[in-house]
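**Q** After the structure tokens below, expect a handful of questions from me.
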Amino acid sequence: MDTEEKAAQRWDAIVVGSGIGGLVCAGYLVASGMRVLVLEQHDVAGGNSHVFRRRRAYQFDVGVHYLGDCGPDGLLPRVLSGLGLADRVRFHPMDPDGFDRIVLPSVTVDVPTGWDRYADRLRAALPAETDGITRYIEVCAAVAQACRQSAFSAGPAAKVPAVMLRWSRRTLAQLFDHCGLSARARTILAAQSGNYGSAPAGTLVVAHTMMLDDYLRGAYYPEGGGQVIAASFVELLESHGGTLLTRTRVDRILIERGKVAGVRLTDGTVHRAPVVVSNADYRRTVLELCDGRENLPEPVVARAETATMRLPLAVCYVALDRELPLPSANIWYWPNEDVDAAYAQVEAGRLDALPFAFLSFASLKDPVPGSACPPGHMNFQIMTACPPGYAHWGLTDGPAHGARYRREPGYLGAKDRLTEQMLDLAEAAIGPFRKHLVHVETSTPLTQERYTLSTGGSAYGLHTWGRVGQRPDIDSGVDGLYLAGQSILHGGGIVGVATGGALCASTILGRPVLADAAGVLGNPELLPEREPGWDPLRTSRGLRRRGARGLALLDRVVAG
């Protein structure tokens, strides 16, 4: 190895995993003058903001079905602006009069922007429960305001509002009980719980409220799909001297004499740095990457071993050779008007009937014609929750540990049955469409685990970790090791992990990067010009693999 190669293996900071939280943290670090390396085991950066393509005609979003709070003062635009990326991602608002449509057999509610308008819609749909709904809205709106103030706080923590003291460790089910709400009302209010993957009895009021508040501030879709967001952060990283290596899996986070020293890759290569940020799955970080029992306190290891994950999801990707006469609103269809019973069945390992179907219509949201599918065609996704573990799929282990599953008869049978169930439920929600199918493909929790190495294929991270509602903080307790991602204190969806990534950078840098709305760390003049036909998927592979073979293409320009 020559001197240049040896020098290239020393960094100021290394980020393990290129989900949005890791990319945001890396962006703020590199924009602050640090030499940063981002390592990603998948072919492209982006985590659940990733897109994939089929038949050179259809582009599907894996996790970015819609984003909340992306207006001028929104959290994600503030993160982007702070890195000089404000003009790189265009967010298009969904219908403010109904961005989500909640459909139960006996009632339909179109969810508008704004807490007051949302409350009015709920009271109109459930007039007999006006008092309970009013109490529910009062608590949630106050908790949301306190959470937002905390995210932007620049100085010492402000006095915690009484509503936060009362509800910060209590569950959504307890709030429903406090408000005296019926099973039907509880189902309507928790209908969007697929955005975080847990039942009311296992969801903190804070987690539910933060999700809801984001969307009530405005629901948006990024032009060109979620990969544009990841590609923008990659452009920032590389233009400011950082490096992204894809198809590069970390085997160990090196801890020497109680301090982080760098990482070792699966091929034996060692990269050294005094700061490591793990944006990888939390349980895998503690138990495998850090070789927990050798390097971490016993209570930390024990808590990671007993932690449970939020429910995994399955998504059916559908392409039709015609457009359906539908609004762009997402549809949350709940065939059973008892949200608690629906989740209990899934948690017990059964999918006799699906708890819900979430329908997201990408081709109706993106204003660029033909960006998601050919003109006149339609592209949408059907999502539902799945049982935890591998038993439902006829397996005892997952792909993160090398288990082969894609040709196993038991797995294929379960997957085929689930696909038919999702198509049936979608047709119950929007009417028949099967005769127009040109592509159907289902992603199971094992697919999620294969591409992101998340424990059990959960997209939303930890469910339980120690006390009720407790989650790991950014500072791991090991000198130089920091945490980001869905399982960490501020995680929850794309906006949540982006905010958490910025707060992780704040902890490392010792200054609040989000506090000054006008502050810009990144230099827009360094960013590369986007040529006609610019492809965010190609950009997200990193400079060293940008021209490698195997990139799925489309027969048209997707973004630019």
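Chain labels run A, B, ... following the order of the structure tokens; each chain numbers its residues from 1, and ligands are numbered from 1 in the order shown.
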Excluding A:Asn295 and its own-chain neighbours fewer than 6 positions away, which residues fall within 9 Å of it when counting only C-alpha atoms? Please give them as an NGL selection string.

**A** :A and (255-258 or 478)

**Q** Could you tell me, as a PyMOL selection string, which residues of stretch 272-492 of chain A DSSP assigns to strand (DSSP E or B) when given the backbone?

**A** chain A and resi 272+276-278+308-309+313-320+330-333+357-360+378-385+437-443+462-464+475+479+481-483

**Q** Name the closest residue to A:Ala207 among the candidates A:Leu423, A:Leu326, A:Leu489, A:Val228; distances are taken between atoms, counting only C-alpha atoms.

**A**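 Selected residue with least distance to A:Ala207: A:Leu489.
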
**Q** Taking into account only C-alpha atoms, which residue in the set A:Leu189, A:Ala304, A:Ala344, A:Val315 is nearest to A:Val103?

**A**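 Among the listed residues, A:Leu189 lies closest to A:Val103.
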
**Q** Kindly indicate which residue among A:Asp321, A:Asp366, A:Asp340, A:Asp475 lies nearest to A:Val438, using only C-alpha atoms for the distances.

**A**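 Once distances to A:Val438 are computed over only C-alpha atoms, the minimum belongs to A:Asp321.
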
**Q** For A:Ile133, which residue among A:Tyr333, A:Tyr215, A:Trp115, A:Trp167 is the nearest when counting only C-alpha atoms?

**A**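 Closest to A:Ile133 of all the choices is A:Trp115.
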
**Q** Pick out the closest residue to A:Pro200 from this set: A:Tyr343, A:Tyr58, A:Tyr136, A:Trp334. Count only C-alpha atoms.

**A**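 Nearest candidate to A:Pro200 out of A:Tyr343, A:Tyr58, A:Tyr136, A:Trp334: A:Tyr343.
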
**Q** Which residue, A:Phe380, A:Leu418, A:Val163, A:Asp12, has the smallest gap to A:Glu138 when you use only C-alpha atoms?

**A** A:Val163

**Q** Set the distance at 10 Å and use only C-alpha atoms: which residues neighbour A:Gln345 once local chain neighbours fewer than 4 positions away are removed? I'd like the list as a list in words.

**A**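 So, after excluding close chain neighbours, the residues are Asp340, Ala341, Gly349, Arg350, Leu351, Asp352, Ala353, Leu354, Pro355, Cys386 and Pro387 of chain A.
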
**Q** Could those residues be written to a file, using all heavy atoms, as a CSV table (one decimal), in the first residue's frame?

**A**
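Saved the output as out09.csv:
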```csv
chain,number,residue,atom,x,y,z
A,340,ASP,N,-57.3,-1.6,17.9
A,340,ASP,CA,-56.5,-2.4,18.9
A,340,ASP,C,-56.6,-3.9,18.6
A,340,ASP,O,-55.6,-4.6,18.7
A,340,ASP,CB,-57.1,-2.1,20.3
A,340,ASP,CG,-57.0,-0.7,20.7
A,340,ASP,OD1,-55.9,-0.2,20.8
A,340,ASP,OD2,-58.1,-0.1,21.0
A,341,ALA,N,-57.8,-4.4,18.2
A,341,ALA,CA,-57.9,-5.8,17.8
A,341,ALA,C,-57.1,-6.1,16.5
A,341,ALA,O,-56.5,-7.2,16.4
A,341,ALA,CB,-59.4,-6.1,17.6
A,349,GLY,N,-48.8,-12.8,15.5
A,349,GLY,CA,-48.2,-13.6,14.5
A,349,GLY,C,-49.2,-14.0,13.4
A,349,GLY,O,-48.8,-14.9,12.6
A,350,ARG,N,-50.4,-13.5,13.4
A,350,ARG,CA,-51.4,-13.9,12.4
A,350,ARG,C,-51.7,-12.8,11.4
A,350,ARG,O,-51.7,-11.6,11.7
A,350,ARG,CB,-52.7,-14.3,13.1
A,350,ARG,CG,-52.5,-15.4,14.2
A,350,ARG,CD,-53.9,-16.0,14.6
A,350,ARG,NE,-54.9,-15.0,14.7
A,350,ARG,CZ,-55.2,-14.2,15.8
A,350,ARG,NH1,-54.4,-14.4,16.9
A,350,ARG,NH2,-56.2,-13.4,15.8
A,351,LEU,N,-51.9,-13.3,10.1
A,351,LEU,CA,-52.4,-12.4,9.1
A,351,LEU,C,-53.6,-12.9,8.4
A,351,LEU,O,-53.7,-13.0,7.2
A,351,LEU,CB,-51.3,-12.1,8.1
A,351,LEU,CG,-50.3,-11.0,8.4
A,351,LEU,CD1,-49.3,-10.8,7.2
A,351,LEU,CD2,-51.0,-9.7,8.7
A,352,ASP,N,-54.5,-13.4,9.3
A,352,ASP,CA,-55.8,-14.0,8.7
A,352,ASP,C,-56.5,-12.9,7.9
A,352,ASP,O,-57.1,-13.2,6.8
A,352,ASP,CB,-56.7,-14.5,9.8
A,352,ASP,CG,-56.0,-15.5,10.7
A,352,ASP,OD1,-55.1,-16.2,10.2
A,352,ASP,OD2,-56.3,-15.5,11.9
A,353,ALA,N,-56.5,-11.7,8.4
A,353,ALA,CA,-57.0,-10.5,7.7
A,353,ALA,C,-56.0,-9.4,8.0
A,353,ALA,O,-55.5,-9.2,9.1
A,353,ALA,CB,-58.4,-10.2,8.3
A,354,LEU,N,-55.7,-8.6,6.9
A,354,LEU,CA,-54.8,-7.5,7.1
A,354,LEU,C,-55.3,-6.4,8.0
A,354,LEU,O,-56.5,-6.1,7.9
A,354,LEU,CB,-54.4,-7.0,5.7
A,354,LEU,CG,-53.8,-7.9,4.7
A,354,LEU,CD1,-53.4,-7.2,3.5
A,354,LEU,CD2,-52.6,-8.7,5.3
A,355,PRO,N,-54.5,-5.8,8.8
A,355,PRO,CA,-55.0,-4.8,9.7
A,355,PRO,C,-55.5,-3.5,8.9
A,355,PRO,O,-56.5,-2.9,9.3
A,355,PRO,CB,-53.8,-4.5,10.6
A,355,PRO,CG,-52.6,-4.9,9.8
A,355,PRO,CD,-53.1,-6.1,9.0
A,386,CYS,N,-46.9,-6.3,9.2
A,386,CYS,CA,-46.7,-7.8,9.2
A,386,CYS,C,-46.3,-8.2,10.6
A,386,CYS,O,-45.8,-7.4,11.4
A,386,CYS,CB,-45.6,-8.2,8.2
A,386,CYS,SG,-46.0,-7.9,6.5
A,387,PRO,N,-46.4,-9.5,10.9
A,387,PRO,CA,-46.0,-10.1,12.2
A,387,PRO,C,-44.5,-9.9,12.4
A,387,PRO,O,-43.7,-10.0,11.4
A,387,PRO,CB,-46.4,-11.5,12.1
A,387,PRO,CG,-47.5,-11.6,11.1
A,387,PRO,CD,-47.1,-10.6,10.1
```

**Q** Can you pull out every residue within 9 Å of A:Ala185, counting only C-alpha atoms, but drop anything in the same chain fewer than 5 positions away, and send it as number ranges by chain?

**A** A: 122, 126, 129, 133, 176, 190, 337-338

**Q** Which polymer residues have any atom within 9 Å of an atom of stretch 545-551 of chain A, counting only C-alpha atoms, with same-chain residues fewer than 4 positions away left out, as an mmCIF file with all heavy atoms, in the first residue's frame?

**A**
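Result saved to out_1.cif:
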```cif
data_model
loop_
_atom_site.group_PDB
_atom_site.id
_atom_site.type_symbol
_atom_site.label_atom_id
_atom_site.label_comp_id
_atom_site.auth_asym_id
_atom_site.auth_seq_id
_atom_site.Cartn_x
_atom_site.Cartn_y
_atom_site.Cartn_z
ATOM 1 N N ASP A 43 -25.965 -0.828 -2.743
ATOM 2 C CA ASP A 43 -25.436 -0.299 -4.001
ATOM 3 C C ASP A 43 -25.563 1.220 -4.107
ATOM 4 O O ASP A 43 -24.803 1.864 -4.824
ATOM 5 C CB ASP A 43 -26.176 -0.964 -5.172
ATOM 6 C CG ASP A 43 -25.621 -0.553 -6.520
ATOM 7 O OD1 ASP A 43 -24.414 -0.739 -6.742
ATOM 8 O OD2 ASP A 43 -26.394 -0.029 -7.339
ATOM 9 N N LEU A 245 -18.554 5.605 0.063
ATOM 10 C CA LEU A 245 -18.233 4.295 -0.494
ATOM 11 C C LEU A 245 -19.453 3.392 -0.372
ATOM 12 O O LEU A 245 -19.885 3.075 0.741
ATOM 13 C CB LEU A 245 -17.045 3.654 0.237
ATOM 14 C CG LEU A 245 -15.700 4.389 0.168
ATOM 15 C CD1 LEU A 245 -14.643 3.601 0.926
ATOM 16 C CD2 LEU A 245 -15.270 4.608 -1.282
ATOM 17 N N THR A 246 -20.039 3.011 -1.504
ATOM 18 C CA THR A 246 -21.149 2.069 -1.503
ATOM 19 C C THR A 246 -20.619 0.653 -1.735
ATOM 20 O O THR A 246 -19.458 0.454 -2.068
ATOM 21 C CB THR A 246 -22.181 2.446 -2.579
ATOM 22 O OG1 THR A 246 -21.523 2.561 -3.855
ATOM 23 C CG2 THR A 246 -22.846 3.776 -2.256
ATOM 24 N N ARG A 247 -21.492 -0.311 -1.520
ATOM 25 C CA ARG A 247 -21.094 -1.719 -1.545
ATOM 26 C C ARG A 247 -19.879 -1.962 -0.646
ATOM 27 O O ARG A 247 -18.940 -2.666 -0.999
ATOM 28 C CB ARG A 247 -20.802 -2.191 -2.974
ATOM 29 C CG ARG A 247 -22.064 -2.437 -3.775
ATOM 30 C CD ARG A 247 -21.798 -3.334 -4.952
ATOM 31 N NE ARG A 247 -23.031 -3.649 -5.651
ATOM 32 C CZ ARG A 247 -23.108 -4.366 -6.752
ATOM 33 N NH1 ARG A 247 -21.993 -4.845 -7.302
ATOM 34 N NH2 ARG A 247 -24.266 -4.618 -7.331
ATOM 35 N N LEU A 537 -30.269 8.452 -8.890
ATOM 36 C CA LEU A 537 -29.866 7.102 -8.505
ATOM 37 C C LEU A 537 -28.386 6.885 -8.824
ATOM 38 O O LEU A 537 -27.640 6.303 -8.028
ATOM 39 C CB LEU A 537 -30.727 6.074 -9.235
ATOM 40 C CG LEU A 537 -30.779 4.664 -8.639
ATOM 41 C CD1 LEU A 537 -31.311 4.686 -7.211
ATOM 42 C CD2 LEU A 537 -31.660 3.762 -9.506
ATOM 43 N N ARG A 538 -27.951 7.376 -9.968
ATOM 44 C CA ARG A 538 -26.536 7.260 -10.331
ATOM 45 C C ARG A 538 -25.670 8.071 -9.355
ATOM 46 O O ARG A 538 -24.636 7.589 -8.878
ATOM 47 C CB ARG A 538 -26.313 7.752 -11.765
ATOM 48 C CG ARG A 538 -24.868 7.571 -12.259
ATOM 49 C CD ARG A 538 -24.688 8.192 -13.638
ATOM 50 N NE ARG A 538 -25.538 7.566 -14.630
ATOM 51 C CZ ARG A 538 -25.261 6.434 -15.264
ATOM 52 N NH1 ARG A 538 -24.121 5.806 -15.007
ATOM 53 N NH2 ARG A 538 -26.091 5.940 -16.157
ATOM 54 N N THR A 539 -26.085 9.293 -9.058
ATOM 55 C CA THR A 539 -25.335 10.136 -8.130
ATOM 56 C C THR A 539 -25.191 9.463 -6.770
ATOM 57 O O THR A 539 -24.134 9.546 -6.128
ATOM 58 C CB THR A 539 -26.035 11.497 -7.967
ATOM 59 O OG1 THR A 539 -26.004 12.187 -9.220
ATOM 60 C CG2 THR A 539 -25.379 12.351 -6.901
ATOM 61 N N SER A 540 -26.229 8.775 -6.339
ATOM 62 C CA SER A 540 -26.242 8.171 -5.006
ATOM 63 C C SER A 540 -25.356 6.938 -4.886
ATOM 64 O O SER A 540 -25.223 6.379 -3.792
ATOM 65 C CB SER A 540 -27.682 7.808 -4.615
ATOM 66 O OG SER A 540 -28.501 8.956 -4.572
ATOM 67 N N ARG A 541 -24.731 6.522 -5.976
ATOM 68 C CA ARG A 541 -23.785 5.408 -5.893
ATOM 69 C C ARG A 541 -22.415 5.867 -5.380
ATOM 70 O O ARG A 541 -21.592 5.047 -4.989
ATOM 71 C CB ARG A 541 -23.604 4.752 -7.261
ATOM 72 C CG ARG A 541 -24.879 4.190 -7.851
ATOM 73 C CD ARG A 541 -24.640 3.681 -9.249
ATOM 74 N NE ARG A 541 -24.537 2.235 -9.288
ATOM 75 C CZ ARG A 541 -24.160 1.532 -10.350
ATOM 76 N NH1 ARG A 541 -23.818 2.151 -11.464
ATOM 77 N NH2 ARG A 541 -24.106 0.219 -10.313
#
```

**Q** Find the residues around stretch 275-284 of chain A up to 8 Å (only C-alpha atoms counted), leave out those fewer than 2 positions away in its own chain, and share them as a CSV table (one decimal) with all heavy atoms, in the first residue's frame.

**A**
```
chain,number,residue,atom,x,y,z
A,12,ASP,N,-11.5,12.4,9.9
A,12,ASP,CA,-11.9,13.1,11.1
A,12,ASP,C,-13.2,12.4,11.7
A,12,ASP,O,-13.4,12.4,12.9
A,12,ASP,CB,-12.2,14.6,10.8
A,12,ASP,CG,-11.0,15.4,10.4
A,12,ASP,OD1,-9.9,15.1,10.9
A,12,ASP,OD2,-11.1,16.2,9.5
A,13,ALA,N,-14.0,11.9,10.8
A,13,ALA,CA,-15.2,11.2,11.2
A,13,ALA,C,-15.6,10.2,10.2
A,13,ALA,O,-15.5,10.4,9.0
A,13,ALA,CB,-16.4,12.3,11.4
A,14,ILE,N,-16.2,9.1,10.6
A,14,ILE,CA,-16.7,8.0,9.8
A,14,ILE,C,-18.2,7.8,10.1
A,14,ILE,O,-18.6,7.8,11.3
A,14,ILE,CB,-16.0,6.7,10.0
A,14,ILE,CG1,-14.5,6.9,9.6
A,14,ILE,CG2,-16.6,5.6,9.2
A,14,ILE,CD1,-13.6,5.7,9.9
A,15,VAL,N,-19.0,7.8,9.1
A,15,VAL,CA,-20.5,7.5,9.3
A,15,VAL,C,-20.8,6.2,8.7
A,15,VAL,O,-20.5,5.9,7.5
A,15,VAL,CB,-21.3,8.6,8.6
A,15,VAL,CG1,-22.8,8.3,8.8
A,15,VAL,CG2,-21.0,10.0,9.2
A,16,VAL,N,-21.3,5.3,9.6
A,16,VAL,CA,-21.7,3.9,9.1
A,16,VAL,C,-23.2,3.9,8.8
A,16,VAL,O,-24.0,4.1,9.6
A,16,VAL,CB,-21.4,2.9,10.3
A,16,VAL,CG1,-21.8,1.5,9.8
A,16,VAL,CG2,-20.0,3.0,10.7
A,17,GLY,N,-23.4,3.7,7.5
A,17,GLY,CA,-24.8,3.7,7.0
A,17,GLY,C,-25.2,5.1,6.4
A,17,GLY,O,-25.0,6.1,7.0
A,18,SER,N,-25.8,5.0,5.2
A,18,SER,CA,-26.1,6.3,4.5
A,18,SER,C,-27.6,6.5,4.4
A,18,SER,O,-28.1,7.1,3.4
A,18,SER,CB,-25.5,6.2,3.1
A,18,SER,OG,-26.3,5.2,2.3
A,19,GLY,N,-28.4,6.1,5.4
A,19,GLY,CA,-29.7,6.6,5.5
A,19,GLY,C,-29.7,8.1,5.7
A,19,GLY,O,-28.7,8.7,5.9
A,21,GLY,N,-30.5,10.1,8.0
A,21,GLY,CA,-29.9,10.6,9.3
A,21,GLY,C,-28.4,10.7,9.2
A,21,GLY,O,-27.8,11.6,9.6
A,22,GLY,N,-27.8,9.6,8.7
A,22,GLY,CA,-26.4,9.6,8.5
A,22,GLY,C,-25.9,10.6,7.5
A,22,GLY,O,-24.8,11.2,7.7
A,253,ILE,N,-17.0,-1.8,14.5
A,253,ILE,CA,-16.6,-0.5,15.0
A,253,ILE,C,-15.5,-0.7,16.0
A,253,ILE,O,-15.7,-1.4,17.0
A,253,ILE,CB,-17.8,0.3,15.6
A,253,ILE,CG1,-18.8,0.6,14.5
A,253,ILE,CG2,-17.3,1.6,16.2
A,253,ILE,CD1,-20.1,1.2,15.0
A,260,VAL,N,-13.5,5.2,20.7
A,260,VAL,CA,-13.6,4.8,19.3
A,260,VAL,C,-12.3,5.1,18.5
A,260,VAL,O,-11.7,6.1,18.7
A,260,VAL,CB,-14.8,5.6,18.6
A,260,VAL,CG1,-14.6,5.7,17.1
A,260,VAL,CG2,-16.1,4.9,18.9
A,261,ALA,N,-11.9,4.1,17.7
A,261,ALA,CA,-10.7,4.3,16.9
A,261,ALA,C,-10.9,4.2,15.4
A,261,ALA,O,-10.0,4.5,14.6
A,261,ALA,CB,-9.7,3.2,17.3
A,262,GLY,N,-12.1,3.8,15.0
A,262,GLY,CA,-12.4,3.7,13.5
A,262,GLY,C,-13.3,2.5,13.3
A,262,GLY,O,-14.1,2.1,14.1
A,273,ALA,N,-10.5,6.9,12.7
A,273,ALA,CA,-11.1,8.2,13.0
A,273,ALA,C,-11.4,8.3,14.5
A,273,ALA,O,-11.8,7.3,15.1
A,273,ALA,CB,-12.4,8.4,12.2
A,286,VAL,N,-24.8,-2.3,18.6
A,286,VAL,CA,-24.4,-2.7,20.0
A,286,VAL,C,-23.9,-4.1,20.0
A,286,VAL,O,-22.8,-4.4,20.5
A,286,VAL,CB,-25.5,-2.5,21.0
A,286,VAL,CG1,-25.1,-3.1,22.3
A,286,VAL,CG2,-25.8,-1.0,21.2
A,287,LEU,N,-24.7,-5.0,19.5
A,287,LEU,CA,-24.4,-6.5,19.7
A,287,LEU,C,-23.4,-7.0,18.7
A,287,LEU,O,-22.7,-8.0,19.0
A,287,LEU,CB,-25.7,-7.2,19.6
A,287,LEU,CG,-26.8,-6.8,20.6
A,287,LEU,CD1,-28.1,-7.6,20.4
A,287,LEU,CD2,-26.3,-7.0,22.0
A,288,GLU,N,-23.3,-6.4,17.5
A,288,GLU,CA,-22.4,-7.0,16.5
A,288,GLU,C,-21.3,-6.0,16.1
A,288,GLU,O,-20.1,-6.4,16.2
A,288,GLU,CB,-23.2,-7.3,15.2
A,288,GLU,CG,-24.3,-8.4,15.5
A,288,GLU,CD,-25.2,-8.7,14.3
A,288,GLU,OE1,-24.8,-8.3,13.2
A,288,GLU,OE2,-26.3,-9.2,14.5
A,289,LEU,N,-21.6,-4.8,15.7
A,289,LEU,CA,-20.6,-3.9,15.2
A,289,LEU,C,-19.6,-3.5,16.3
A,289,LEU,O,-18.4,-3.4,16.1
A,289,LEU,CB,-21.2,-2.7,14.6
A,289,LEU,CG,-22.0,-2.9,13.3
A,289,LEU,CD1,-22.5,-1.6,12.8
A,289,LEU,CD2,-21.2,-3.7,12.3
A,304,ALA,N,-30.0,-3.9,24.9
A,304,ALA,CA,-30.1,-4.1,23.5
A,304,ALA,C,-30.6,-5.5,23.2
A,304,ALA,O,-31.4,-5.7,22.2
A,304,ALA,CB,-28.7,-3.9,22.9
A,305,GLU,N,-30.2,-6.5,24.0
A,305,GLU,CA,-30.6,-7.9,23.7
A,305,GLU,C,-32.1,-8.1,23.9
A,305,GLU,O,-32.7,-8.9,23.3
A,305,GLU,CB,-29.8,-8.8,24.7
A,305,GLU,CG,-28.3,-9.0,24.3
A,305,GLU,CD,-27.6,-9.9,25.2
A,305,GLU,OE1,-28.0,-9.9,26.4
A,305,GLU,OE2,-26.6,-10.5,24.8
A,307,ALA,N,-34.4,-5.6,23.7
A,307,ALA,CA,-35.2,-4.6,23.0
A,307,ALA,C,-36.0,-5.3,21.9
A,307,ALA,O,-35.6,-6.3,21.4
A,307,ALA,CB,-34.2,-3.6,22.4
A,453,LEU,N,-30.3,-4.1,6.5
A,453,LEU,CA,-29.7,-4.8,7.7
A,453,LEU,C,-30.4,-4.4,9.0
A,453,LEU,O,-29.9,-4.5,10.0
A,453,LEU,CB,-28.2,-4.6,7.8
A,453,LEU,CG,-27.4,-5.0,6.6
A,453,LEU,CD1,-25.9,-4.7,6.9
A,453,LEU,CD2,-27.6,-6.4,6.2
A,454,SER,N,-31.7,-4.0,8.9
A,454,SER,CA,-32.5,-3.7,10.1
A,454,SER,C,-32.9,-4.9,10.8
A,454,SER,O,-33.3,-5.9,10.1
A,454,SER,CB,-33.7,-2.8,9.7
A,454,SER,OG,-34.5,-3.5,8.8
A,455,THR,N,-32.9,-4.9,12.1
A,455,THR,CA,-33.3,-6.1,12.8
A,455,THR,C,-34.8,-6.5,12.5
A,455,THR,O,-35.7,-5.6,12.6
A,455,THR,CB,-33.2,-5.9,14.3
A,455,THR,OG1,-31.8,-5.6,14.6
A,455,THR,CG2,-33.7,-7.0,15.1
A,461,GLY,N,-37.4,1.1,13.5
A,461,GLY,CA,-36.5,1.0,14.6
A,461,GLY,C,-37.1,0.4,15.8
A,461,GLY,O,-38.1,-0.4,15.8
A,462,LEU,N,-36.6,0.8,17.0
A,462,LEU,CA,-36.9,0.2,18.3
A,462,LEU,C,-38.4,0.5,18.7
A,462,LEU,O,-38.9,1.6,18.5
A,462,LEU,CB,-36.0,0.7,19.4
A,462,LEU,CG,-34.5,0.3,19.3
A,462,LEU,CD1,-33.7,1.1,20.3
A,462,LEU,CD2,-34.4,-1.2,19.5
A,480,GLY,N,-16.4,9.2,21.6
A,480,GLY,CA,-16.3,9.3,20.1
A,480,GLY,C,-17.3,8.6,19.3
A,480,GLY,O,-17.3,8.7,18.1
A,481,LEU,N,-18.2,7.8,20.0
A,481,LEU,CA,-19.2,7.0,19.2
A,481,LEU,C,-20.6,7.7,19.4
A,481,LEU,O,-21.0,7.9,20.5
A,481,LEU,CB,-19.3,5.6,19.7
A,481,LEU,CG,-20.4,4.7,19.1
A,481,LEU,CD1,-20.2,4.6,17.6
A,481,LEU,CD2,-20.4,3.3,19.8
A,482,TYR,N,-21.2,8.1,18.3
A,482,TYR,CA,-22.5,8.7,18.3
A,482,TYR,C,-23.5,7.9,17.5
A,482,TYR,O,-23.1,7.1,16.6
A,482,TYR,CB,-22.3,10.2,17.7
A,482,TYR,CG,-21.3,11.0,18.6
A,482,TYR,CD1,-20.0,11.0,18.2
A,482,TYR,CD2,-21.8,11.7,19.6
A,482,TYR,CE1,-19.1,11.7,19.0
A,482,TYR,CE2,-20.9,12.5,20.4
A,482,TYR,CZ,-19.5,12.5,20.1
A,482,TYR,OH,-18.6,13.2,20.8
A,483,LEU,N,-24.8,8.2,17.7
A,483,LEU,CA,-25.8,7.4,17.1
A,483,LEU,C,-26.8,8.3,16.3
A,483,LEU,O,-27.1,9.4,16.8
A,483,LEU,CB,-26.6,6.6,18.2
A,483,LEU,CG,-25.7,5.8,19.1
A,483,LEU,CD1,-26.5,5.2,20.3
A,483,LEU,CD2,-25.1,4.6,18.3
A,484,ALA,N,-27.3,7.8,15.2
A,484,ALA,CA,-28.3,8.4,14.4
A,484,ALA,C,-29.3,7.4,13.9
A,484,ALA,O,-29.0,6.2,13.9
A,484,ALA,CB,-27.7,9.3,13.3
A,485,GLY,N,-30.4,7.8,13.3
A,485,GLY,CA,-31.3,6.9,12.7
A,485,GLY,C,-32.7,6.7,13.4
A,485,GLY,O,-33.0,7.4,14.3
A,487,SER,N,-34.0,4.5,15.3
A,487,SER,CA,-34.1,4.0,16.7
A,487,SER,C,-33.7,5.0,17.8
A,487,SER,O,-33.9,4.8,19.0
A,487,SER,CB,-33.3,2.7,16.9
A,487,SER,OG,-33.8,1.6,16.2
A,488,ILE,N,-33.1,6.1,17.3
A,488,ILE,CA,-32.5,7.1,18.3
A,488,ILE,C,-33.6,8.1,18.7
A,488,ILE,O,-34.7,8.2,18.1
A,488,ILE,CB,-31.3,7.8,17.7
A,488,ILE,CG1,-30.4,6.7,17.1
A,488,ILE,CG2,-30.6,8.6,18.7
A,488,ILE,CD1,-30.0,5.6,18.0
```

**Q** Any idea what's packed within 9 Å of stretch 71-81 of chain A, counting only C-alpha atoms, ignoring anything in its chain fewer than 5 positions away? Could you give it as a VMD selection string?

**A** chain A and resid 24 86 to 89 91 93 214 217 to 220 232 to 233 494 to 496 498 to 499 502 513 to 514 517 to 522

**Q** What parts of stretch 272-495 of chain A does DSSP call helix (DSSP H, G or I)? I'd like the answer as a ChimeraX atom specification.

**A** /A:282-289,292-295,298-306,339-347,362-365,391-393,399-401,409-430,434-436,445-452,455-457,493-495
